[in-house]
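Peer 1: Got model.cif for you, mmCIF, C-alpha atoms:
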data_run
loop_
_atom_site.label_atom_id
_atom_site.label_comp_id
_atom_site.auth_asym_id
_atom_site.auth_seq_id
_atom_site.Cartn_x
_atom_site.Cartn_y
_atom_site.Cartn_z
CA MET A 285 -46.71 -35.88 35.13
CA LEU A 286 -47.17 -33.53 38.06
CA THR A 287 -44.32 -31.42 36.73
CA GLY A 288 -45.78 -31.26 33.23
CA TYR A 289 -42.98 -33.36 31.74
CA LEU A 290 -45.47 -35.99 30.61
CA ALA A 291 -49.14 -35.58 29.85
CA PRO A 292 -51.65 -37.91 31.53
CA THR A 293 -53.67 -40.26 29.31
CA SER A 294 -56.70 -39.87 31.57
CA GLY A 295 -57.78 -37.98 34.65
CA HIS A 296 -56.91 -34.49 35.89
CA ILE A 297 -53.98 -32.94 37.67
CA ARG A 298 -54.34 -29.81 39.74
CA ILE A 299 -51.33 -28.06 41.19
CA ASP A 300 -52.34 -25.61 43.89
CA GLY A 301 -55.77 -25.45 42.25
CA ILE A 302 -54.35 -24.83 38.75
CA ASP A 303 -55.02 -27.39 36.04
CA ALA A 304 -51.60 -28.81 35.13
CA VAL A 305 -52.69 -29.82 31.63
CA THR A 306 -54.62 -26.81 30.36
CA SER A 307 -52.63 -24.15 32.27
CA SER A 308 -49.37 -26.05 32.27
CA ILE A 309 -47.07 -23.04 32.42
CA ARG A 310 -48.90 -21.41 35.31
CA ALA A 311 -48.90 -24.70 37.18
CA ARG A 312 -45.18 -25.14 36.56
CA GLU A 313 -44.55 -21.68 38.03
CA ARG A 314 -45.77 -23.01 41.37
CA LEU A 315 -43.31 -25.91 41.38
CA GLY A 316 -39.70 -26.49 42.23
CA TYR A 317 -38.61 -29.80 40.78
CA MET A 318 -35.46 -31.81 41.33
CA PRO A 319 -35.42 -34.79 38.96
CA GLU A 320 -33.74 -38.06 39.85
CA GLY A 321 -30.06 -38.03 38.95
CA VAL A 322 -30.12 -34.20 38.93
CA PRO A 323 -29.28 -33.39 35.30
CA LEU A 324 -27.46 -30.02 35.12
CA TYR A 325 -25.63 -28.07 32.43
CA ARG A 326 -22.16 -29.31 33.27
CA GLU A 327 -20.24 -26.60 31.42
CA MET A 328 -21.74 -23.75 33.44
CA ARG A 329 -20.57 -22.32 36.73
CA VAL A 330 -22.90 -22.80 39.68
CA HIS A 331 -23.99 -19.16 39.88
CA GLU A 332 -24.34 -18.96 36.09
CA TYR A 333 -26.56 -22.02 36.14
CA LEU A 334 -28.75 -20.55 38.87
CA ARG A 335 -28.94 -17.23 37.05
CA HIS A 336 -29.99 -19.02 33.86
CA ARG A 337 -32.66 -21.08 35.63
CA GLY A 338 -33.84 -18.06 37.60
CA ALA A 339 -34.22 -16.07 34.38
CA LEU A 340 -36.17 -18.95 32.80
CA LYS A 341 -38.47 -18.95 35.81
CA ARG A 342 -38.74 -15.15 35.68
CA VAL A 343 -37.57 -14.70 39.26
CA PRO A 344 -37.65 -11.08 40.46
CA ASN A 345 -34.55 -9.77 42.33
CA LEU A 346 -32.53 -12.59 40.84
CA ALA A 347 -29.21 -11.75 42.54
CA GLU A 348 -30.83 -11.96 45.99
CA ALA A 349 -32.72 -15.12 45.08
CA ILE A 350 -29.48 -16.77 43.94
CA ASP A 351 -27.70 -15.89 47.21
CA ARG A 352 -30.64 -17.15 49.24
CA SER A 353 -30.94 -20.48 47.44
CA LEU A 354 -27.16 -21.01 47.47
CA GLN A 355 -27.25 -20.54 51.21
CA LEU A 356 -30.30 -22.74 51.82
CA ALA A 357 -28.77 -25.59 49.84
CA GLY A 358 -25.35 -25.03 51.41
CA VAL A 359 -23.45 -24.49 48.18
CA THR A 360 -22.31 -20.87 48.62
CA ASP A 361 -18.68 -22.04 48.81
CA VAL A 362 -18.77 -23.53 45.29
CA ARG A 363 -20.69 -20.71 43.59
CA THR A 364 -17.91 -20.00 41.08
CA ARG A 365 -17.00 -23.64 40.41
CA ILE A 366 -17.91 -25.41 37.17
CA VAL A 367 -20.86 -27.74 37.71
CA GLY A 368 -19.27 -30.67 35.86
CA GLN A 369 -16.27 -30.63 38.21
CA LEU A 370 -18.31 -30.89 41.39
CA SER A 371 -18.82 -34.09 43.38
CA LYS A 372 -22.12 -35.92 43.22
CA GLY A 373 -23.17 -34.56 46.61
CA TYR A 374 -22.52 -30.98 45.59
CA ARG A 375 -24.31 -31.42 42.26
CA GLN A 376 -27.26 -32.84 44.16
CA ARG A 377 -27.35 -29.71 46.31
CA VAL A 378 -26.99 -27.41 43.30
CA GLY A 379 -30.10 -29.17 41.98
CA LEU A 380 -31.82 -28.40 45.26
CA ALA A 381 -30.72 -24.75 45.07
CA GLU A 382 -32.20 -24.64 41.57
CA ALA A 383 -35.52 -26.08 42.79
CA LEU A 384 -35.61 -23.42 45.53
CA ILE A 385 -34.66 -20.43 43.41
CA ALA A 386 -38.16 -19.22 42.60
CA ASP A 387 -39.24 -19.84 46.23
CA PRO A 388 -42.08 -22.10 45.04
CA PRO A 389 -44.87 -23.20 47.37
CA ILE A 390 -44.48 -26.81 46.22
CA LEU A 391 -41.28 -28.82 45.93
CA ILE A 392 -41.07 -32.15 44.16
CA LEU A 393 -37.89 -34.03 45.02
CA ASP A 394 -37.10 -37.33 43.37
CA GLU A 395 -34.59 -39.46 45.30
CA PRO A 396 -33.01 -36.29 46.73
CA THR A 397 -30.50 -37.90 49.10
CA SER A 398 -28.91 -40.48 46.80
CA GLY A 399 -25.19 -39.82 46.63
CA LEU A 400 -25.09 -37.66 49.74
CA ASP A 401 -22.84 -38.50 52.69
CA PRO A 402 -24.47 -39.05 56.11
CA ASN A 403 -23.79 -35.47 57.25
CA GLN A 404 -25.29 -34.05 54.10
CA VAL A 405 -28.30 -36.35 54.49
CA ARG A 406 -28.83 -34.98 57.98
CA GLN A 407 -28.50 -31.39 56.75
CA PHE A 408 -30.92 -32.11 53.98
CA ARG A 409 -33.51 -33.54 56.37
CA GLU A 410 -33.18 -30.50 58.60
CA LEU A 411 -33.71 -28.27 55.60
CA VAL A 412 -36.84 -30.16 54.54
CA ARG A 413 -38.16 -30.05 58.10
CA SER A 414 -37.54 -26.30 58.20
CA PHE A 415 -40.01 -25.92 55.34
CA GLY A 416 -42.67 -27.51 57.55
CA GLY A 417 -45.81 -25.39 57.44
CA LYS A 418 -44.40 -23.10 54.75
CA LYS A 419 -44.05 -25.36 51.73
CA THR A 420 -45.48 -28.61 50.52
CA VAL A 421 -42.68 -31.04 49.85
CA LEU A 422 -43.36 -34.12 47.80
CA LEU A 423 -40.56 -36.58 48.35
CA SER A 424 -40.26 -39.64 46.20
CA THR A 425 -37.87 -42.14 47.72
CA HIS A 426 -37.09 -45.75 48.49
CA ILE A 427 -35.36 -44.95 51.74
CA LEU A 428 -37.97 -45.66 54.40
CA SER A 429 -35.96 -44.33 57.32
CA GLU A 430 -35.92 -41.00 55.51
CA VAL A 431 -39.69 -41.10 55.20
CA GLU A 432 -40.03 -41.79 58.90
CA ALA A 433 -37.66 -38.95 59.69
CA VAL A 434 -39.19 -36.16 57.64
CA CYS A 435 -42.64 -36.97 56.31
CA ASP A 436 -46.04 -36.37 57.85
CA ARG A 437 -47.97 -38.27 55.26
CA VAL A 438 -46.98 -41.41 53.38
CA ILE A 439 -48.48 -42.70 50.18
CA ILE A 440 -47.32 -46.04 48.87
CA ILE A 441 -47.85 -46.60 45.17
CA ARG A 442 -47.65 -50.01 43.62
CA GLU A 443 -47.70 -50.30 39.84
CA GLY A 444 -49.53 -47.00 39.49
CA GLN A 445 -52.14 -47.78 42.16
CA LYS A 446 -52.27 -46.11 45.54
CA VAL A 447 -52.10 -48.95 48.06
CA ALA A 448 -51.62 -47.03 51.28
CA ASP A 449 -52.12 -43.52 52.63
CA LEU A 450 -51.03 -43.15 56.23
CA LYS A 451 -49.15 -41.11 58.79
CA PRO A 452 -45.73 -42.53 59.79
CA GLY A 453 -46.57 -42.47 63.54
CA ASP A 454 -49.90 -44.24 63.06
CA ALA A 455 -48.86 -47.72 62.17
CA GLU A 456 -48.15 -50.04 65.05
CA THR A 457 -45.63 -51.88 62.97
CA SER A 458 -42.73 -50.08 61.30
CA LEU A 459 -43.10 -48.56 57.88
CA GLU A 460 -40.79 -51.23 56.55
CA ASP A 461 -43.17 -54.00 57.55
CA VAL A 462 -46.12 -52.15 56.07
CA PHE A 463 -44.20 -51.68 52.88
CA ALA A 464 -43.20 -55.33 52.67
CA GLU A 465 -46.75 -56.39 53.31
CA LEU A 466 -48.22 -54.18 50.60
CA THR A 467 -45.70 -54.64 47.87
CA THR A 468 -43.61 -57.27 46.28
CA SER A 469 -40.82 -56.56 43.81
CA GLY A 470 -40.60 -53.55 41.52
CA ALA A 471 -42.87 -51.20 43.44
CA THR A 472 -42.17 -47.57 44.16
CA GLU A 473 -42.85 -45.61 47.24
CA ASP A 474 -43.93 -42.01 47.44
CA ALA A 475 -44.40 -39.86 50.42
CA SER A 476 -45.13 -36.27 51.23
CA MET B 1127 -40.34 -14.44 24.16
CA LYS B 1128 -38.04 -13.36 26.95
CA SER B 1129 -37.62 -17.06 27.73
CA ALA B 1130 -36.50 -17.66 24.13
CA TRP B 1131 -33.78 -15.08 24.70
CA VAL B 1132 -32.68 -16.86 27.91
CA VAL B 1133 -32.52 -20.19 26.04
CA LEU B 1134 -30.61 -18.55 23.16
CA LYS B 1135 -28.02 -17.06 25.51
CA ARG B 1136 -27.37 -20.37 27.25
CA GLU B 1137 -27.13 -22.20 23.94
CA LEU B 1138 -24.52 -19.80 22.59
CA GLY B 1139 -22.66 -19.76 25.90
CA SER B 1140 -22.41 -23.53 26.00
CA PHE B 1141 -21.42 -23.71 22.34
CA PHE B 1142 -18.60 -21.23 22.64
CA VAL B 1143 -17.10 -22.87 25.74
CA SER B 1144 -17.14 -26.29 24.07
CA PRO B 1145 -14.12 -27.62 22.17
CA LEU B 1146 -16.54 -28.58 19.38
CA ALA B 1147 -16.99 -24.89 18.50
CA TYR B 1148 -13.29 -24.35 17.91
CA VAL B 1149 -12.72 -27.63 16.07
CA VAL B 1150 -15.61 -26.78 13.75
CA LEU B 1151 -14.63 -23.12 13.24
CA THR B 1152 -10.98 -23.97 12.59
CA SER B 1153 -11.59 -26.81 10.17
CA TRP B 1154 -14.26 -24.73 8.46
CA LEU B 1155 -11.78 -21.91 7.83
CA VAL B 1156 -9.02 -24.30 6.74
CA TRP B 1157 -11.38 -25.93 4.23
CA ASN B 1158 -12.66 -22.63 2.87
CA GLY B 1159 -9.19 -21.13 2.78
CA VAL B 1160 -8.04 -23.99 0.56
CA VAL B 1161 -11.13 -23.71 -1.65
CA PHE B 1162 -10.68 -19.97 -2.04
CA TRP B 1163 -7.01 -20.38 -2.91
CA VAL B 1164 -7.75 -23.10 -5.48
CA LEU B 1165 -10.45 -20.97 -7.13
CA THR B 1166 -8.23 -17.89 -7.20
CA GLU B 1167 -5.44 -19.91 -8.81
CA PHE B 1168 -7.90 -21.33 -11.32
CA TYR B 1169 -9.24 -17.95 -12.39
CA ALA B 1170 -5.74 -16.44 -12.48
CA ARG B 1171 -4.59 -19.16 -14.90
CA ASN B 1172 -7.74 -19.23 -17.03
CA ALA B 1173 -8.44 -15.54 -17.42
CA VAL B 1174 -10.21 -16.08 -20.73
CA SER B 1175 -12.61 -18.72 -19.56
CA SER B 1176 -13.67 -16.78 -16.50
CA GLY B 1177 -15.95 -14.29 -18.26
CA ALA B 1178 -18.67 -13.04 -15.92
CA SER B 1179 -17.68 -15.26 -13.01
CA THR B 1180 -15.02 -14.28 -10.51
CA PRO B 1181 -13.22 -16.11 -7.71
CA LEU B 1182 -15.83 -14.71 -5.33
CA SER B 1183 -18.84 -15.83 -7.34
CA GLY B 1184 -17.11 -19.20 -7.77
CA PHE B 1185 -16.54 -19.38 -4.04
CA PHE B 1186 -20.18 -18.72 -3.20
CA GLY B 1187 -21.80 -21.75 -4.69
CA GLY B 1188 -20.07 -22.02 -8.03
CA SER B 1189 -18.79 -25.47 -7.19
CA THR B 1190 -19.57 -28.57 -5.15
CA LEU B 1191 -16.65 -27.51 -2.94
CA PHE B 1192 -19.10 -25.09 -1.35
CA PHE B 1193 -21.75 -27.68 -0.54
CA ILE B 1194 -19.74 -30.73 0.52
CA PRO B 1195 -18.53 -29.18 3.80
CA LEU B 1196 -21.97 -27.68 4.47
CA LEU B 1197 -23.60 -31.09 4.34
CA VAL B 1198 -21.17 -32.19 7.06
CA PHE B 1199 -20.85 -29.04 9.18
CA VAL B 1200 -24.54 -28.20 9.45
CA PRO B 1201 -25.50 -31.55 11.05
CA VAL B 1202 -22.56 -31.26 13.45
CA LEU B 1203 -23.70 -27.79 14.50
CA THR B 1204 -27.37 -28.64 14.91
CA MET B 1205 -27.19 -32.17 16.36
CA ARG B 1206 -26.71 -30.99 19.93
CA LEU B 1207 -29.53 -28.43 20.00
CA VAL B 1208 -32.23 -30.70 21.47
CA ALA B 1209 -30.82 -34.23 21.17
CA GLY B 1210 -27.88 -33.17 23.35
CA GLU B 1211 -30.28 -32.16 26.12
CA LYS B 1212 -32.10 -35.47 25.77
CA GLN B 1213 -28.84 -37.36 26.15
CA SER B 1214 -27.68 -35.44 29.20
CA GLY B 1215 -31.15 -35.48 30.74
CA THR B 1216 -31.26 -31.67 31.04
CA ILE B 1217 -34.34 -31.67 28.80
CA GLU B 1218 -36.34 -32.61 31.92
CA PRO B 1219 -35.59 -29.46 33.93
CA LEU B 1220 -35.88 -27.42 30.71
CA LEU B 1221 -39.37 -28.65 29.87
CA THR B 1222 -40.60 -28.56 33.46
CA ALA B 1223 -39.58 -24.90 33.78
CA PRO B 1224 -42.45 -22.47 33.11
CA VAL B 1225 -41.53 -21.93 29.44
CA SER B 1226 -43.47 -22.81 26.32
CA GLU B 1227 -42.16 -25.26 23.72
CA ALA B 1228 -42.21 -22.42 21.20
CA SER B 1229 -39.83 -20.33 23.35
CA VAL B 1230 -37.44 -23.28 23.66
CA ILE B 1231 -37.44 -23.89 19.91
CA PHE B 1232 -37.17 -20.20 18.96
CA GLY B 1233 -34.27 -19.79 21.38
CA LYS B 1234 -32.43 -22.80 19.98
CA TYR B 1235 -33.15 -21.80 16.39
CA GLY B 1236 -32.01 -18.24 17.01
CA ALA B 1237 -28.77 -19.52 18.53
CA SER B 1238 -28.14 -21.77 15.52
CA LEU B 1239 -28.59 -18.78 13.19
CA VAL B 1240 -26.08 -16.76 15.19
CA ILE B 1241 -23.60 -19.66 14.97
CA TRP B 1242 -24.20 -19.83 11.22
CA CYS B 1243 -23.35 -16.13 10.87
CA VAL B 1244 -20.23 -16.53 13.03
CA LEU B 1245 -19.15 -19.32 10.69
CA TRP B 1246 -19.35 -17.05 7.66
CA LEU B 1247 -18.09 -13.81 9.18
CA PRO B 1248 -14.35 -14.54 8.67
CA THR B 1249 -14.91 -15.20 4.95
CA LEU B 1250 -15.47 -11.44 4.49
CA VAL B 1251 -11.71 -11.34 4.49
CA TYR B 1252 -11.70 -13.07 1.07
CA ALA B 1253 -13.76 -10.25 -0.39
CA TRP B 1254 -11.34 -7.76 1.15
CA ILE B 1255 -8.35 -9.64 -0.33
CA MET B 1256 -9.97 -9.55 -3.76
CA SER B 1257 -10.69 -5.84 -3.43
CA GLN B 1258 -6.96 -5.24 -2.80
CA HIS B 1259 -6.01 -6.93 -6.08
CA GLY B 1260 -8.82 -6.02 -8.40
CA SER B 1261 -12.40 -4.86 -8.44
CA VAL B 1262 -15.10 -6.51 -6.38
CA ASP B 1263 -18.76 -6.38 -7.27
CA TRP B 1264 -20.02 -5.40 -3.82
CA GLY B 1265 -23.65 -5.73 -4.89
CA ALA B 1266 -23.10 -9.35 -5.90
CA THR B 1267 -21.12 -9.98 -2.69
CA ALA B 1268 -23.93 -8.55 -0.57
CA ALA B 1269 -26.42 -10.72 -2.49
CA SER B 1270 -24.18 -13.76 -1.87
CA TYR B 1271 -24.16 -13.18 1.88
CA PHE B 1272 -27.89 -12.61 1.85
CA GLY B 1273 -28.30 -15.90 -0.05
CA ILE B 1274 -26.07 -17.66 2.46
CA PHE B 1275 -28.15 -16.34 5.33
CA CYS B 1276 -31.36 -17.61 3.71
CA LEU B 1277 -29.76 -20.96 2.95
CA GLY B 1278 -28.63 -21.12 6.59
CA ALA B 1279 -32.13 -20.32 7.83
CA TYR B 1280 -33.36 -23.37 5.95
CA PHE B 1281 -30.43 -25.70 6.75
CA MET B 1282 -30.47 -24.89 10.45
CA ALA B 1283 -34.24 -25.40 10.65
CA VAL B 1284 -33.90 -28.85 9.06
CA GLY B 1285 -31.05 -29.73 11.44
CA LEU B 1286 -33.08 -28.49 14.40
CA LEU B 1287 -36.06 -30.62 13.43
CA MET B 1288 -33.88 -33.72 13.18
CA SER B 1289 -32.37 -32.91 16.56
CA VAL B 1290 -35.87 -32.74 18.08
CA LEU B 1291 -36.85 -36.06 16.49
CA ALA B 1292 -33.68 -38.04 17.20
CA PRO B 1293 -32.99 -39.62 20.59
CA THR B 1294 -29.21 -39.05 20.41
CA GLN B 1295 -26.85 -36.53 18.85
CA ILE B 1296 -25.29 -39.03 16.44
CA ILE B 1297 -28.67 -40.06 15.09
CA ALA B 1298 -29.62 -36.39 14.76
CA ALA B 1299 -26.44 -35.72 12.78
CA VAL B 1300 -27.01 -38.69 10.46
CA LEU B 1301 -30.66 -37.72 9.87
CA SER B 1302 -29.80 -34.10 9.02
CA PHE B 1303 -26.96 -35.26 6.78
CA VAL B 1304 -29.35 -37.54 4.90
CA ALA B 1305 -32.09 -34.89 4.68
CA LEU B 1306 -29.75 -32.21 3.35
CA GLY B 1307 -27.94 -34.71 1.13
CA VAL B 1308 -31.23 -35.78 -0.47
CA LEU B 1309 -32.28 -32.14 -1.00
CA PHE B 1310 -28.90 -31.41 -2.56
CA THR B 1311 -29.06 -34.43 -4.84
CA VAL B 1312 -32.62 -33.66 -5.93
CA GLY B 1313 -31.34 -30.21 -6.90
CA ILE B 1314 -28.69 -31.83 -9.14
CA GLY B 1315 -31.64 -33.27 -11.12
CA GLU B 1316 -31.83 -29.80 -12.67
CA PHE B 1317 -28.86 -30.76 -14.87
CA VAL B 1318 -30.06 -34.30 -15.58
CA LEU B 1319 -33.81 -34.28 -16.15
CA ASP B 1320 -36.04 -32.25 -18.39
CA GLY B 1321 -39.64 -31.04 -18.51
CA THR B 1322 -41.62 -30.59 -15.29
CA ALA B 1323 -39.19 -32.71 -13.29
CA ARG B 1324 -36.42 -30.31 -14.23
CA GLU B 1325 -38.52 -27.35 -13.04
CA VAL B 1326 -39.19 -29.01 -9.70
CA CYS B 1327 -35.52 -29.91 -9.23
CA ALA B 1328 -34.44 -26.39 -10.17
CA TYR B 1329 -36.84 -25.00 -7.57
CA VAL B 1330 -35.29 -27.14 -4.82
CA SER B 1331 -31.70 -26.79 -6.06
CA MET B 1332 -29.29 -25.30 -3.51
CA TRP B 1333 -26.75 -25.05 -6.26
CA GLY B 1334 -28.96 -22.99 -8.53
CA HIS B 1335 -29.94 -20.96 -5.49
CA MET B 1336 -26.39 -19.98 -4.64
CA GLN B 1337 -25.37 -19.55 -8.27
CA SER B 1338 -27.99 -16.91 -8.89
CA PHE B 1339 -27.27 -15.11 -5.60
CA SER B 1340 -23.52 -15.13 -6.23
CA LYS B 1341 -24.12 -13.31 -9.52
CA GLY B 1342 -26.11 -10.71 -7.63
CA VAL B 1343 -29.50 -12.01 -8.74
CA VAL B 1344 -31.87 -12.17 -5.77
CA ASP B 1345 -34.49 -14.61 -7.02
CA THR B 1346 -37.66 -14.52 -4.91
CA ARG B 1347 -38.51 -18.14 -5.85
CA HIS B 1348 -35.47 -19.26 -3.84
CA LEU B 1349 -36.38 -16.94 -0.99
CA VAL B 1350 -39.91 -18.32 -0.84
CA PHE B 1351 -38.55 -21.87 -0.85
CA ASP B 1352 -36.00 -21.20 1.92
CA LEU B 1353 -38.51 -19.38 4.04
CA SER B 1354 -41.23 -22.01 3.64
CA VAL B 1355 -38.88 -24.87 4.54
CA ALA B 1356 -37.60 -22.91 7.56
CA VAL B 1357 -41.09 -22.07 8.81
CA LEU B 1358 -42.29 -25.63 8.23
CA ALA B 1359 -39.32 -27.23 10.00
CA VAL B 1360 -39.44 -24.85 12.96
CA GLY B 1361 -43.21 -25.35 13.26
CA LEU B 1362 -42.82 -29.12 13.14
CA SER B 1363 -40.07 -28.91 15.78
CA ILE B 1364 -42.44 -27.11 18.15
CA GLY B 1365 -45.13 -29.69 17.40
CA ALA B 1366 -42.75 -32.61 17.92
CA LEU B 1367 -41.58 -31.20 21.24
CA LYS B 1368 -45.20 -30.82 22.38
CA ALA B 1369 -46.03 -34.34 21.20
CA ARG B 1370 -43.15 -35.70 23.29
CA ARG B 1371 -45.17 -35.09 26.47
CA HIS B 1372 -47.74 -37.56 25.22
CA GLY B 1373 -45.15 -40.13 24.15
#
Can you give me the file's structure in the form of structure tokens?

Peer 2:
Amino acid sequence: MLTGYLAPTSGHIRIDGIDAVTSSIRARERLGYMPEGVPLYREMRVHEYLRHRGALKRVPNLAEAIDRSLQLAGVTDVRTRIVGQLSKGYRQRVGLAEALIADPPILILDEPTSGLDPNQVRQFRELVRSFGGKKTVLLSTHILSEVEAVCDRVIIIREGQKVADLKPGDAETSLEDVFAELTTSGATEDAS
Amino acid sequence: MKSAWVVLKRELGSFFVSPLAYVVLTSWLVWNGVVFWVLTEFYARNAVSSGASTPLSGFFGGSTLFFIPLLVFVPVLTMRLVAGEKQSGTIEPLLTAPVSEASVIFGKYGASLVIWCVLWLPTLVYAWIMSQHGSVDWGATAASYFGIFCLGAYFMAVGLLMSVLAPTQIIAAVLSFVALGVLFTVGIGEFVLDGTAREVCAYVSMWGHMQSFSKGVVDTRHLVFDLSVAVLAVGLSIGALKARRHG
């Protein structure tokens, strides 16, 4: 809903002060979004895909923006490879490069580290931390250790209701215990 | 509208790197080659019966041989437009990018029209062959191609709409096949019914449409019909894509 993919049945959404329902396109311009599972056009080459997405997002100085996002996501070495032939970890990072291409102030990442190896997970966390103070990153994940490692605010949502809003350092008990206490099965966890 | 152009370019790029494109183009040309040869043979053997019609006018809509492949090829070409993106999940990044639904649909529709033209381009060779062995009515040929373009504008719009509505490519293909098949069959009513029903059927008839164009008669009734169906289907596609957000 935040990304404009679905419309809310009630209430309002504001992205960076812009109404996401009435000014959907302007709100979407402020966002970089990496959906769960990272769907990409598999027949395109990495740089072609980024050029296509950059053009859709009307990115100025596209060539530079592509180089920058390739580098940030650590996929410069596969820039001429075909997306469909890349490993899951690489595709995941191409998705991240795509989310970064327009240099948006807000990033929404859905399960961004699934399928990454431990080194890539560490790199990813460093990257997210490096945005600290510059970008708002909304991370939706079930991996609580990741939340503890990178987030400065945690919101736990259970069946659509916010059940907790805290800072990871605050709780005396670990986040895992808090989570177990607040939720039973089938709940999701969001943090930013 | 710049976004529509970006969508169009990607659509064409992905079509022409897919094996589907070459399977479709090859089988299309094989089919039409055979049809053209059969018609030429027929007219060569029955010179008396031919009268005003020629192999070319016969080729462009003079027989069901023209429509049978279209009813199959059009759904295959349009099924992937939106349903393909739904299946692969790429519809999510597409619709969360700062582009309007109208740009997405115009881009996809534009790409399908280009593909339609690419399909027909090689058949110009048949007209050239005929011109080497006799006289060709270039006016009627031009009218035929114009008629084909209009027919394509309407077929592709129907296929696009089905692709927006269907959850998967196969369902999109079946729906467009049924929609075009029904429109074709209703048109046949022109030869079966009489009175007002006949008039209505004749108005819808693809067959009558192509028969008049292939003789060089550009009938505005057919143009109005093609254009209205195309505008309606494209408009509904945009609406359906917008409605999806609320589904």

Peer 1: What is the atom CA of Val1343 of chain B-atom CA of Tyr1235 of chain B distance in Å, reported with one decimal?

Peer 2: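 Those two atoms sit 27.2 Å apart.
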
Peer 1: Show me which bits of chain B are within 9 Å of chain A, counting all atoms listed in the file, as a ChimeraX atom specification.

Peer 2: /B:1128-1130,1132-1133,1135-1136,1139-1140,1143-1144,1211,1214-1226,1370-1373

Peer 1: Do you know which residues are at most 10 Å from Gly1307 of chain B counting all atoms listed in the file, after dropping those on the same chain fewer than 6 positions away, and could you put them as a ChimeraX atom specification?

Peer 2: /B:1193-1194,1196-1198,1301,1313

Peer 1: Generate the output file for the selected residues, C-alpha atoms, as a CSV table (one decimal), keeping the file's coordinate frame.

Peer 2:
chain,number,residue,atom,x,y,z
B,1193,PHE,CA,-21.8,-27.7,-0.5
B,1194,ILE,CA,-19.7,-30.7,0.5
B,1196,LEU,CA,-22.0,-27.7,4.5
B,1197,LEU,CA,-23.6,-31.1,4.3
B,1198,VAL,CA,-21.2,-32.2,7.1
B,1301,LEU,CA,-30.7,-37.7,9.9
B,1313,GLY,CA,-31.3,-30.2,-6.9

Peer 1: Any idea what the distance is between atom CA of Phe1303 of chain B and atom CA of Leu1239 of chain B?

Peer 2: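 Separation of atom CA of Phe1303 of chain B and atom CA of Leu1239 of chain B: 17.8 Å.
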
Peer 1: Determine, counting all atoms listed in the file, which protein, DNA and RNA residues have an atom within 12 Å of an atom of Leu1245 of chain B; residues of the same chain fewer than 4 positions away are not included. Present the result as a PyMOL selection string.

Peer 2: chain B and resi 1147-1156+1158+1196+1199-1200+1203+1238-1241+1249-1250+1271+1274-1275+1278

Peer 1: Go through the shown structure with the PyMOL selection byres ((chain A and resi 396) around 9) and write out the matching residues as an NGL selection string.

Peer 2: :A and (318-322 or 376-377 or 380 or 393-395 or 397-400 or 408 or 423-425)

Peer 1: May I have the residues within 7 Å of Lys1341 of chain B as number ranges by chain, using all atoms listed in the file and disregarding those fewer than 3 positions away in the same chain?

Peer 2: B: 1183, 1266, 1337-1338

Peer 1: Generate a file of the selected residues that holds C-alpha atoms, formatted as a PDB file, keeping the file's coordinate frame.

Peer 2:
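Now in part.pdb:
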ATOM      1  CA  SER B1183     -18.840 -15.830  -7.340  1.00  0.00           C
ATOM      2  CA  ALA B1266     -23.100  -9.350  -5.900  1.00  0.00           C
ATOM      3  CA  GLN B1337     -25.370 -19.550  -8.270  1.00  0.00           C
ATOM      4  CA  SER B1338     -27.990 -16.910  -8.890  1.00  0.00           C
TER       5      SER B1338
END

Peer 1: Skipping near chain neighbours, those fewer than 2 positions away, what residues fall within 6 Å of segment 1279-1291 of chain B using only C-alpha atoms, listed as a PyMOL selection string?

Peer 2: chain B and resi 1201+1204-1205+1208-1209+1276-1277+1298+1302+1352+1355-1356+1359-1360+1363

Peer 1: Do you know which residues are at most 10 Å from segment 352-357 of chain A counting all atoms listed in the file, after dropping those on the same chain fewer than 3 positions away, and could you put them as an MDAnalysis selection string?

Peer 2: chainID A and resid 330:331 334 346:349 360:363 374 376:387 407:408 411

Peer 1: Calculated over all atoms listed in the file, which of the candidates B:Val1161, B:Ala1268, B:Ile1296, B:Leu1207 has the smallest distance to Gly1233 of chain B?

Peer 2: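 Smallest separation from Gly1233 of chain B among the options: B:Leu1207.
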
Peer 1: Of the candidates B:Ala1305, B:Ala1228, B:Val1164, B:Ala1328, which one gets nearest to Leu1182 of chain B if we count all atoms listed in the file?

Peer 2: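 Nearest to Leu1182 of chain B: B:Val1164.
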
Peer 1: Do you have the atom CA of Gln1258 of chain B-atom CA of Trp1246 of chain B distance handy?

Peer 2: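 Atom CA of Gln1258 of chain B sits 20.1 Å away from atom CA of Trp1246 of chain B.
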